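Only one structure is covered here, and it is reproduced in the block below.
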Amino acid sequence: MRPVYVIGAGMTRFGRSEVPLVDLAGAAALAALHHANLGKIPVDTVIVANMGAGRVNRQVAVASALVDRLSLWPAAADSVENGPASGASAVKVGYQAIASGMADVVLVTGVEMMRAVDGLEATDFVASMSQPEVEYIYGVTLPSLAGLFARLFMERYGVERRHLALVAIKNHDNAMKNPYAHIHQPITMEGILTAPEAVVNNPPVAEPLHMFDCCPVSDGSAAVVLASEEVAAKLGAPRVLVAGIGQATDTHAVHERPDPTDLKAVRLASAAAFDRAGQKPSEIDVAELHDAFTILEIAESEAAGFFKVGQAHRAVERGETKLTGKLPINPSGGLKAKGHPVGATGVAQLVELTWQLRGEASGRQVAKAKTAFACNFGGFGNNVVATVLRKEER
Amino acid sequence: MSEKVYAFRCTTCGTVSYPKHVICPKCRGETFEPMEIAGEGAVLTYTDVYALAVDYETRYLRLAIVELDGGLRVTGQLLDEDPKVGGRVRTTVGVVREPAGGPIHGLQFVPV
Ligand SMILES: [Zn+2]
C-alpha cells in the first residue's frame with residue numbers, strides 16, 4: 001500500500017446555509033483546494049459524503065453534481081452514505097484509492113443540509129437509521145438511544161449529570177475559539193445545571209440527557225484533499241500522514257448487544273487504526289470524538305483506549321480533556337458546539353486535526369501536536385470509523 | 001387483542017433473536033421458526049424522550065429495554081407511572097405508532 005497524505009483542508013461555518021447543497025459543498029471543496037494549492041496537478045477522484053440529501057433536499061448523486069460545480073470533469077466521482085460515519089467512510093474510500101495506486105489526488109467533501117426541513121422531520125430522518133422492525137416502530141430516535149445508553153452507563157460507573165455538563169461547557173468554550181463553529185455561546189454549570197432557572201434553560205430531551213447534552217441540527221460542509229507521496233513531495237506540503245484507519249460494526253438493535261454500555265465497534269475500530277498506525281492511545285496529542293451526546297465523548301474516550309473503563313469522567317473532572325489538559329478532546333467544539341451536519345462531521349473532524357497538526361488552529365492550537373485521533377460514530381455505534389493522523393518531519 | 005409480536009428461534013441451536021437474522025449469530029444456522037414474545041421480565045434501562053419523530057402527538061414517550069425471563073432482550077414502550085431500573089414488567093401488545101398507512105402494533109410493558 002502506498003502512503004497517503006492530507007495536503008489540504010477546509011470547511012464552511014456550520015449553522016444554517018443560505019445557499020443550495022451543491023454550493024455549500026463547493027465552498028468547502030474550494031477552501032480545501034486553495035489550502036492544498038495544487039497548481040496544475042489535476043484532481044482525479046471526487047468523493048462526497050452525505051447522508052440524506054435524497055430525502056431532505058430532494059437531490060441524489062451529489063458527487064456528480066459537485067464535480068460539475070467545480071468543473072473537475074472527467075474526474076471519477078462517488079457518493080458515500082454511511083449514516084453519521086459517512087464522512088470518515090468517504091475519507092477511507094479516498095485513502096484506498098490512493099493507497100492502491102488507482103488515484104493520486106482525491107477531493108473528499110462531506111455535506112449535509114438538515115435545516116432545509118423542520119425539526120420533527122430532521123429528527124425522523126436521523127431516526128430512520130435505527131433498526132426499523134424493533135426500534136424505529138416504537139418511536140426510537142437517536143436521542144432516545146442515547147438516553148437509554150446514558151442511564152445504564154451513568155448508573156454503572158457513577159457518572160453524574162455534572163460530568164456531562166463539564167463536557168458541554170468545555171466544548172462550548174472551545175467553540176468560542178473556532179470561527180467555523182455553529183454555536184458561539186459560553187455556558188456555565190449554574191446556567192445549565194445548578195441554578196433554579198437551569199430547569200427552564202436546559203429542558204430534558206431524553207432523560208437523563210438534556211438539551212445541553214445534545215448536538216444542534218446543523219447545515220455545513222467540510223473537505224480534505226488527499227494525495228500520494230509523490231504529489232505531496234512535489235508540492236512541498238506539510239506532511240500530514242493518514243497513519244491508520246480502522247472500521248468495525250456492531251448489532252443494529254442496541255438491545256442485542258451483550259453489554260449495551262460496551263461500545264464494541266469503537267473499541268475494535270480504534271484498535272485497528274492504532275495497530276495500522278503503529279501507535280498507542282497514550283501517544284495521541286489531540287482527539288476529535290463523536291460527541292453527538294455528551295455521554296458519548298466520555299464513553300468513546302474509554303472505548304478508544306485513552307482512559308480505563310469507568311474513569312473518563314474523572315479525567316474530565318480533573319480538566320485533562322481541556323485545551324490545556326494532557327489530552328485535549330474536541331478542540332473544535334465537537335459536534336456539541338461546532339455542530340453536526342451528519343455527512344460532513346467525519347470530514348470536519350479530520351479538517352480540525354489537519355489544522356492542529358499543521359499548527360494552523362489559531363486560538364485553540366494544541367501545542368506541539370504531532371499525532372491525532374478521530375472517532376466517527378455511525379448509527380448508535382453500529383458502524384464506526386477511527387482514524388490516526390501523524391505529522392511527519394521533512 | 002389478536003396482534004402478536006414474534007422473535008425468531010434458530011432451529012439448529014435454539015438461539016432466539018429479535019430482530020430476525022438470515023444467518024444465526026451463534027451457529028450460522030439458516031432456518032428459523034417464529035416464537036411469540038410474551039412474558040415477564042425486568043427493566044434494563046428506560047428513558048423519557050421528548051425529541052420525538054413524526055407520527056406522535058404526545059409530549060414525550062417512555063421507552064425501555066427489557067430483559068425477559070429467559071434472557072431475550074427487547075425494546076418497547078414502557079407504560080409505568082413509576083419506572084425504575086430493575087422494575088418487574090410483563091409484555092402486552094398495543095398500537096406503538098400510527099403512521100398514515102395505518103397503526104403499527106408492537107411491545108408495551110406494564111408493571112407486574
Ligand atoms: Zn443457531
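Following the order of the C-alpha cells, chains are lettered A, B, ..., residues in each are numbered from 1, and ligands are numbered from 1.
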Checklist line | Residue list for chain B near chain A as a list in words, 7 Å, only C-alpha atoms | finding: Pro19, Thr45, Tyr46, Thr47, Asp48, Val49, Tyr50, Ala51, Leu52, Ala53, Val54, Ile65, Arg73, Val74, Thr75, Gly76, Gln77, Val96 and Arg97 of chain B
Distance table requested - chain B against ligand 1, cut-off 8 Å, only C-alpha atoms and all ligand atoms: one row per qualifying residue with the closest atom pair and its distance in Å to one decimal, ordered by chain and rising residue number, as CSV.
residue,atom,partner,partner_atom_place_in_ligand_line,distance
B:Arg9,CA,ligand 1,1 (Zn),7.9
B:Cys10,CA,ligand 1,1 (Zn),4.7
B:Thr11,CA,ligand 1,1 (Zn),6.8
B:Thr12,CA,ligand 1,1 (Zn),5.2
B:Cys13,CA,ligand 1,1 (Zn),4.1
B:Gly14,CA,ligand 1,1 (Zn),5.9
B:Thr15,CA,ligand 1,1 (Zn),5.3
B:Ile23,CA,ligand 1,1 (Zn),7.9
B:Cys24,CA,ligand 1,1 (Zn),4.5
B:Pro25,CA,ligand 1,1 (Zn),6.6
B:Lys26,CA,ligand 1,1 (Zn),5.0
B:Cys27,CA,ligand 1,1 (Zn),4.1
B:Arg28,CA,ligand 1,1 (Zn),5.8
B:Gly29,CA,ligand 1,1 (Zn),4.8
B:Glu30,CA,ligand 1,1 (Zn),7.7
Next item on the list: as an NGL selection string, please: all residues of stretch 97-178 of chain A that backbone DSSP puts in strand (DSSP E).
Entry: :A and (105-113)
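With only C-alpha atoms taken into account, the protein and nucleic acid residues at most 7 Å from B:Leu68 (excluding it and anything under 6 positions from it in its own chain) are Gly39, Glu40, Gly41 and Ala42 of chain B.
Interatomic distance, atom CA of A:Arg364 against atom CA of A:Pro328: 10.1 Å.
For B:Pro103, the set of protein, DNA and RNA residues having any atom at most 12 Å away, when counting only C-alpha atoms and skipping those fewer than 2 positions along the same chain, is Ile137 and Tyr138 of chain A; Glu3, Asp55, Tyr56, Gly94, Val95, Val96, Arg97, Glu98, Pro99, Ala100, Gly101, His105 and Gly106 of chain B.
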